[in-house]
>>> print(open('entry26.cif').read())   # mmCIF, C-alpha atoms
data_query
loop_
_atom_site.label_atom_id
_atom_site.label_comp_id
_atom_site.auth_asym_id
_atom_site.auth_seq_id
_atom_site.Cartn_x
_atom_site.Cartn_y
_atom_site.Cartn_z
CA MET G 30 -17.60 36.04 8.00
CA THR G 31 -19.29 36.35 4.64
CA GLN G 32 -21.44 39.35 3.74
CA TYR G 33 -23.83 39.51 0.79
CA PHE G 34 -25.22 42.40 -1.25
CA ILE G 35 -28.24 42.15 -3.55
CA SER G 36 -30.61 44.50 -5.35
CA ASP G 37 -33.19 44.71 -8.12
CA LEU G 38 -35.07 41.46 -7.60
CA HIS G 39 -38.38 43.16 -8.47
CA LEU G 40 -40.34 40.41 -6.75
CA CYS G 41 -43.91 40.12 -8.02
CA PRO G 42 -46.56 37.38 -8.38
CA GLU G 43 -45.99 37.29 -12.14
CA ARG G 44 -42.43 35.97 -11.66
CA PRO G 45 -42.61 33.00 -9.25
CA ASP G 46 -39.25 31.82 -10.60
CA ILE G 47 -37.48 34.86 -9.09
CA THR G 48 -39.29 34.31 -5.80
CA ALA G 49 -38.08 30.69 -5.80
CA TRP G 50 -34.48 31.79 -6.47
CA PHE G 51 -34.74 34.26 -3.60
CA GLU G 52 -36.10 31.64 -1.22
CA THR G 53 -33.20 29.32 -2.08
CA PHE G 54 -30.70 32.14 -1.63
CA ILE G 55 -32.09 33.11 1.78
CA LYS G 56 -32.40 29.58 3.13
CA ASP G 57 -29.19 28.13 1.69
CA LYS G 58 -26.61 30.74 0.71
CA ALA G 59 -27.31 33.63 3.11
CA ARG G 60 -27.99 31.53 6.19
CA GLY G 61 -25.04 31.65 8.56
CA SER G 62 -23.60 34.79 6.96
CA ARG G 63 -22.67 37.88 8.92
CA ALA G 64 -24.90 40.28 7.00
CA LEU G 65 -27.20 40.67 4.01
CA TYR G 66 -27.60 44.09 2.44
CA VAL G 67 -30.59 44.65 0.15
CA LEU G 68 -29.92 47.83 -1.83
CA GLY G 69 -33.36 48.54 -3.18
CA ASP G 70 -36.05 47.23 -5.52
CA LEU G 71 -36.61 44.03 -3.59
CA PHE G 72 -40.21 44.32 -4.79
CA GLU G 73 -41.59 45.46 -8.14
CA TYR G 74 -43.63 48.07 -6.27
CA TRP G 75 -44.78 48.80 -2.75
CA LEU G 76 -48.21 50.18 -1.91
CA GLY G 77 -47.57 50.76 1.79
CA ASP G 78 -47.05 48.70 4.92
CA ASP G 79 -50.83 48.53 5.35
CA ALA G 80 -51.32 46.85 1.97
CA LEU G 81 -49.28 43.66 2.28
CA THR G 82 -49.68 40.98 -0.37
CA PRO G 83 -49.29 37.25 0.32
CA LEU G 84 -45.90 37.52 -1.40
CA ALA G 85 -44.78 40.33 0.90
CA GLU G 86 -45.91 38.30 3.92
CA GLN G 87 -43.96 35.26 2.74
CA VAL G 88 -40.81 37.29 2.07
CA ALA G 89 -41.09 38.81 5.54
CA THR G 90 -41.22 35.32 7.05
CA TRP G 91 -38.05 34.26 5.20
CA LEU G 92 -36.14 37.40 6.10
CA LYS G 93 -37.23 37.30 9.75
CA SER G 94 -36.08 33.70 10.01
CA LEU G 95 -32.70 34.71 8.59
CA SER G 96 -32.46 37.61 11.03
CA ASP G 97 -33.48 35.46 13.99
CA ALA G 98 -30.74 32.98 13.03
CA GLY G 99 -28.11 35.67 13.53
CA THR G 100 -27.65 37.35 10.15
CA GLN G 101 -27.97 41.13 10.18
CA VAL G 102 -30.37 42.07 7.40
CA TYR G 103 -30.23 45.64 6.07
CA PHE G 104 -32.56 47.32 3.60
CA MET G 105 -32.09 50.51 1.57
CA ALA G 106 -35.05 51.76 -0.44
CA GLY G 107 -35.01 51.62 -4.22
CA ASN G 108 -37.06 53.49 -6.76
CA ARG G 109 -39.79 50.82 -6.67
CA ASP G 110 -40.12 50.11 -2.94
CA PHE G 111 -39.28 53.44 -1.30
CA LEU G 112 -42.49 53.29 0.76
CA ILE G 113 -41.35 50.31 2.84
CA GLY G 114 -41.56 51.56 6.41
CA GLU G 115 -40.84 50.66 10.01
CA ALA G 116 -43.86 48.36 10.36
CA TYR G 117 -42.73 46.02 7.59
CA ALA G 118 -39.11 46.34 8.66
CA GLN G 119 -40.00 45.10 12.12
CA GLN G 120 -42.09 42.25 10.72
CA ALA G 121 -39.25 41.16 8.41
CA GLY G 122 -36.39 41.73 10.84
CA LEU G 123 -34.89 44.48 8.70
CA THR G 124 -32.70 47.40 9.69
CA LEU G 125 -33.58 50.32 7.44
CA LEU G 126 -30.68 52.28 5.97
CA GLU G 127 -30.66 55.90 4.88
CA GLU G 128 -29.26 56.71 1.47
CA PRO G 129 -26.32 57.06 1.24
CA THR G 130 -24.87 54.89 4.00
CA LEU G 131 -21.21 54.35 4.88
CA ILE G 132 -20.06 50.95 6.18
CA ASP G 133 -16.74 49.35 7.02
CA LEU G 134 -16.32 46.47 4.59
CA GLY G 135 -13.24 44.44 5.39
CA GLY G 136 -11.43 47.50 6.63
CA THR G 137 -12.44 49.68 3.66
CA GLN G 138 -14.93 52.51 4.07
CA THR G 139 -17.61 51.72 1.51
CA LEU G 140 -20.48 53.90 0.31
CA LEU G 141 -23.86 52.25 -0.32
CA VAL G 142 -26.51 53.79 -2.60
CA HIS G 143 -29.34 52.41 -4.71
CA GLY G 144 -28.03 54.23 -7.78
CA ASP G 145 -31.05 55.91 -9.35
CA ALA G 146 -30.22 59.37 -7.99
CA GLU G 147 -26.95 59.23 -9.93
CA CYS G 148 -28.67 58.68 -13.30
CA THR G 149 -28.73 62.44 -13.75
CA ASP G 150 -28.75 62.36 -17.56
CA ASP G 151 -32.31 61.01 -17.41
CA VAL G 152 -33.94 64.37 -16.69
CA ALA G 153 -37.52 63.11 -16.96
CA TYR G 154 -36.87 60.37 -14.42
CA GLN G 155 -35.18 62.74 -11.98
CA LYS G 156 -38.23 65.03 -12.05
CA ALA G 157 -40.49 62.08 -11.28
CA ARG G 158 -38.15 60.91 -8.53
CA GLN G 159 -38.22 64.31 -6.87
CA MET G 160 -42.03 64.15 -6.72
CA LEU G 161 -42.19 60.56 -5.46
CA ARG G 162 -39.65 61.15 -2.68
CA ASN G 163 -41.49 64.23 -1.43
CA PRO G 164 -42.96 63.45 2.05
CA ALA G 165 -46.12 65.42 1.22
CA TRP G 166 -46.73 63.35 -1.92
CA GLN G 167 -46.10 60.12 -0.01
CA LYS G 168 -48.51 61.11 2.76
CA ASP G 169 -51.20 61.88 0.19
CA PHE G 170 -50.58 58.62 -1.67
CA LEU G 171 -50.79 56.50 1.48
CA SER G 172 -54.06 58.19 2.42
CA LYS G 173 -55.73 56.83 -0.73
CA SER G 174 -57.61 53.56 -0.87
CA ILE G 175 -55.68 50.42 -1.74
CA PRO G 176 -57.50 50.03 -5.11
CA GLU G 177 -56.50 53.60 -5.96
CA ARG G 178 -52.88 52.87 -5.05
CA ILE G 179 -52.89 49.69 -7.15
CA ALA G 180 -54.23 51.62 -10.15
CA PHE G 181 -51.52 54.26 -9.75
CA ALA G 182 -48.77 51.63 -9.40
CA GLU G 183 -49.89 49.74 -12.50
CA GLN G 184 -49.98 52.94 -14.53
CA ALA G 185 -46.55 53.93 -13.22
CA ARG G 186 -45.15 50.53 -14.27
CA LYS G 187 -46.45 50.99 -17.81
CA GLN G 188 -45.02 54.49 -18.02
CA SER G 189 -41.67 53.28 -16.69
CA GLN G 190 -41.49 50.46 -19.25
CA SER G 191 -42.40 52.84 -22.06
CA HIS G 192 -39.81 55.38 -20.91
CA THR G 193 -37.10 52.73 -20.69
CA GLN G 194 -37.85 51.38 -24.16
CA SER G 195 -37.89 54.82 -25.78
CA SER G 196 -34.82 56.25 -24.04
CA GLN G 197 -31.21 56.03 -25.16
CA MET G 198 -29.28 53.43 -23.19
CA GLU G 199 -26.64 55.98 -22.20
CA ILE G 200 -29.02 58.09 -20.10
CA MET G 201 -30.21 55.01 -18.20
CA ASP G 202 -26.77 54.55 -16.65
CA VAL G 203 -25.17 56.53 -13.84
CA ASN G 204 -23.50 59.82 -14.72
CA GLN G 205 -19.75 59.67 -14.18
CA GLU G 206 -19.58 63.19 -12.75
CA ALA G 207 -22.30 62.29 -10.24
CA ILE G 208 -20.33 59.19 -9.24
CA GLN G 209 -17.09 61.13 -8.87
CA SER G 210 -18.89 63.71 -6.78
CA LEU G 211 -20.02 60.97 -4.36
CA PHE G 212 -16.49 59.61 -4.03
CA GLU G 213 -15.17 63.07 -3.25
CA LYS G 214 -18.00 64.21 -0.97
CA HIS G 215 -17.81 61.15 1.27
CA GLN G 216 -14.04 60.71 0.94
CA VAL G 217 -14.25 57.01 0.12
CA SER G 218 -12.54 54.80 -2.44
CA GLN G 219 -15.24 52.13 -2.74
CA MET G 220 -18.92 52.22 -3.65
CA ILE G 221 -21.65 49.60 -4.14
CA HIS G 222 -24.94 50.26 -5.93
CA GLY G 223 -27.63 48.62 -8.04
CA HIS G 224 -30.47 50.04 -10.16
CA THR G 225 -28.83 49.99 -13.59
CA HIS G 226 -28.96 46.19 -14.06
CA ARG G 227 -25.39 46.30 -15.41
CA PRO G 228 -23.33 44.16 -13.01
CA ALA G 229 -19.63 44.95 -13.10
CA ILE G 230 -16.67 46.05 -11.02
CA HIS G 231 -15.37 49.37 -12.35
CA GLN G 232 -12.13 51.14 -11.56
CA HIS G 233 -12.22 54.93 -11.49
CA GLY G 234 -8.55 55.68 -10.97
CA GLU G 235 -7.91 54.54 -7.41
CA ASN G 236 -11.66 54.18 -6.72
CA THR G 237 -13.69 50.99 -7.07
CA ARG G 238 -17.39 50.95 -8.00
CA ILE G 239 -19.29 47.65 -7.76
CA VAL G 240 -22.60 47.45 -9.62
CA LEU G 241 -25.00 44.73 -8.47
CA GLY G 242 -26.95 42.68 -10.97
CA ASP G 243 -30.71 42.30 -11.34
CA TRP G 244 -32.51 38.97 -10.96
CA HIS G 245 -34.48 39.01 -14.22
CA LYS G 246 -32.72 35.95 -15.68
CA GLN G 247 -30.81 34.53 -12.71
CA ALA G 248 -29.93 35.04 -9.07
CA SER G 249 -27.20 37.66 -8.72
CA TYR G 250 -25.24 38.77 -5.67
CA LEU G 251 -21.98 40.22 -4.41
CA GLN G 252 -20.14 37.94 -2.00
CA CYS G 253 -17.57 39.50 0.32
CA ASP G 254 -15.35 37.42 2.60
CA ASP G 255 -11.72 37.05 3.64
CA SER G 256 -10.74 36.09 0.09
CA GLY G 257 -12.14 39.32 -1.38
CA MET G 258 -15.19 40.34 -3.41
CA GLN G 259 -16.90 38.37 -6.15
CA LEU G 260 -19.97 39.09 -8.28
CA ILE G 261 -21.83 35.81 -8.66
CA HIS G 262 -24.66 34.91 -11.04
CA THR G 263 -26.36 31.54 -10.68
#
>>> encode(input="entry26.cif", output="structure tokens")
Amino acid sequence: MTQYFISDLHLCPERPDITAWFETFIKDKARGSRALYVLGDLFEYWLGDDALTPLAEQVATWLKSLSDAGTQVYFMAGNRDFLIGEAYAQQAGLTLLEEPTLIDLGGTQTLLVHGDAECTDDVAYQKARQMLRNPAWQKDFLSKSIPERIAFAEQARKQSQSHTQSSQMEIMDVNQEAIQSLFEKHQVSQMIHGHTHRPAIHQHGENTRIVLGDWHKQASYLQCDDSGMQLIHT
């Protein structure tokens, strides 16, 4: 049966077109599939499971319906929605995945990651990531009022956009040594990740690395079935 992989939708109220593409994908394309893997940044940002927006509620309804229909729906946190927790996962019918995760994909052991941890040339980002993934920081953030969390998230978005615009494109991509290290550490020959918004299928010697696309201009997904793997943009 078909399996799908997506990432980097960055759903937000300001982009109802992306939300509409996602609804169509869930209700038409993904329905009846064996599994859907969401490898991070489903949402533009996440304030906590206790601060659900109408958009988050609607997305949960779509995903739960897909799950109830028999499709296994898996979610791995990205750099924007790493605070999604068990409460929302249960509401949306999601199985949360640790990073990295190994799966059997058509008989091939395949490593799943979001991809931001491998952008090691971006030193400033890696420092920020280390802070944001610290359980103590997360506990403190979630203890703040929702207006305070919104203010922080909006400021973080502005800083992220400024950093992206002022940084060299090379440092925004994954580091090849970091990628090779993952292949060797986990003894796999295939990897799937998102984050970089540079969809492609790369060959690293005998190893294959599939990069998922973002949804900024179109729906984008990896389709895996008996005929093989195909990156599709619609």
>>> closest_residue(input="entry26.cif", among="G:Val67, G:Cys41, G:Leu112, G:Leu126", to="Gln87 in chain G", atoms="only C-alpha atoms")
G:Cys41
>>> residues_around(input="entry26.cif", residues="Lys93 in chain G", least_positions_apart="2", cutoff="8 Å", atoms="only C-alpha atoms", output="list in words")
Ala89, Thr90, Trp91, Leu95, Ser96, Asp97, Gln120, Ala121, Gly122 and Leu123 of chain G
>>> resolve_selection(input="entry26.cif", expression="the PyMOL selection byres ((chain G and resi 102) around 12)", output="VMD selection string")
chain G and resid 32 to 35 55 59 to 68 89 91 to 101 103 to 105 118 to 119 121 to 126
>>> closest_residue(input="entry26.cif", among="G:Ala85, G:Leu161, G:Leu131, G:Ile221", to="His39 in chain G", atoms="all atoms listed in the file")
G:Ala85
>>> resolve_selection(input="entry26.cif", expression="the PyMOL selection byres ((chain G and resi 45-53) around 10)", output="PyMOL selection string")
chain G and resi 38-44+54-59+71+84+87-88+91-92+244-249+263
>>> resolve_selection(input="entry26.cif", expression="the PyMOL selection byres ((chain G and resi 227-234) around 10)", output="ChimeraX atom specification")
/G:202,205,208-209,212,218-226,235-243,249-251,258-262
>>> residues_around(input="entry26.cif", residues="Gly107 in chain G", least_positions_apart="5", cutoff="7 Å", atoms="only C-alpha atoms", output="PyMOL selection string")
chain G and resi 68-70+143
>>> atom_distance(input="entry26.cif", atom1="CA of Asp110 in chain G", atom2="CA of Ile200 in chain G")
21.9 Å
>>> closest_residue(input="entry26.cif", among="G:Asp79, G:Glu213, G:Asp37, G:Asp254", to="Leu140 in chain G", atoms="only C-alpha atoms")
G:Glu213
>>> atom_distance(input="entry26.cif", atom1="CA of Ser172 in chain G", atom2="CA of Arg109 in chain G")
18.5 Å
>>> axis_aligned_box(input="entry26.cif", around="range 202-217 of chain G", padding_each_side="5 Å", output="JSON")
{"center_x": -20.4, "center_y": 59.4, "center_z": -7.7, "size_x": 22.7, "size_y": 19.7, "size_z": 27.9}
>>> atom_distance(input="entry26.cif", atom1="CA of Gln138 in chain G", atom2="CA of Val217 in chain G")
6.0 Å
>>> residues_near_point(input="entry26.cif", point="(-23.6, 62.1, -10.6)", cutoff="12 Å", atoms="only C-alpha atoms", output="ChimeraX atom specification")
/G:142,144-151,155,200,202-214
>>> closest_residue(input="entry26.cif", among="G:Met30, G:Leu76, G:Ala157, G:Val152", to="Pro176 in chain G", atoms="all atoms listed in the file")
G:Leu76
>>> closest_residue(input="entry26.cif", among="G:Gln216, G:Tyr74, G:Leu134, G:Pro164", to="Ala180 in chain G", atoms="all atoms listed in the file")
G:Tyr74
>>> closest_residue(input="entry26.cif", among="G:Glu127, G:Asn163, G:Phe111, G:Thr31", to="Ser256 in chain G", atoms="only C-alpha atoms")
G:Thr31
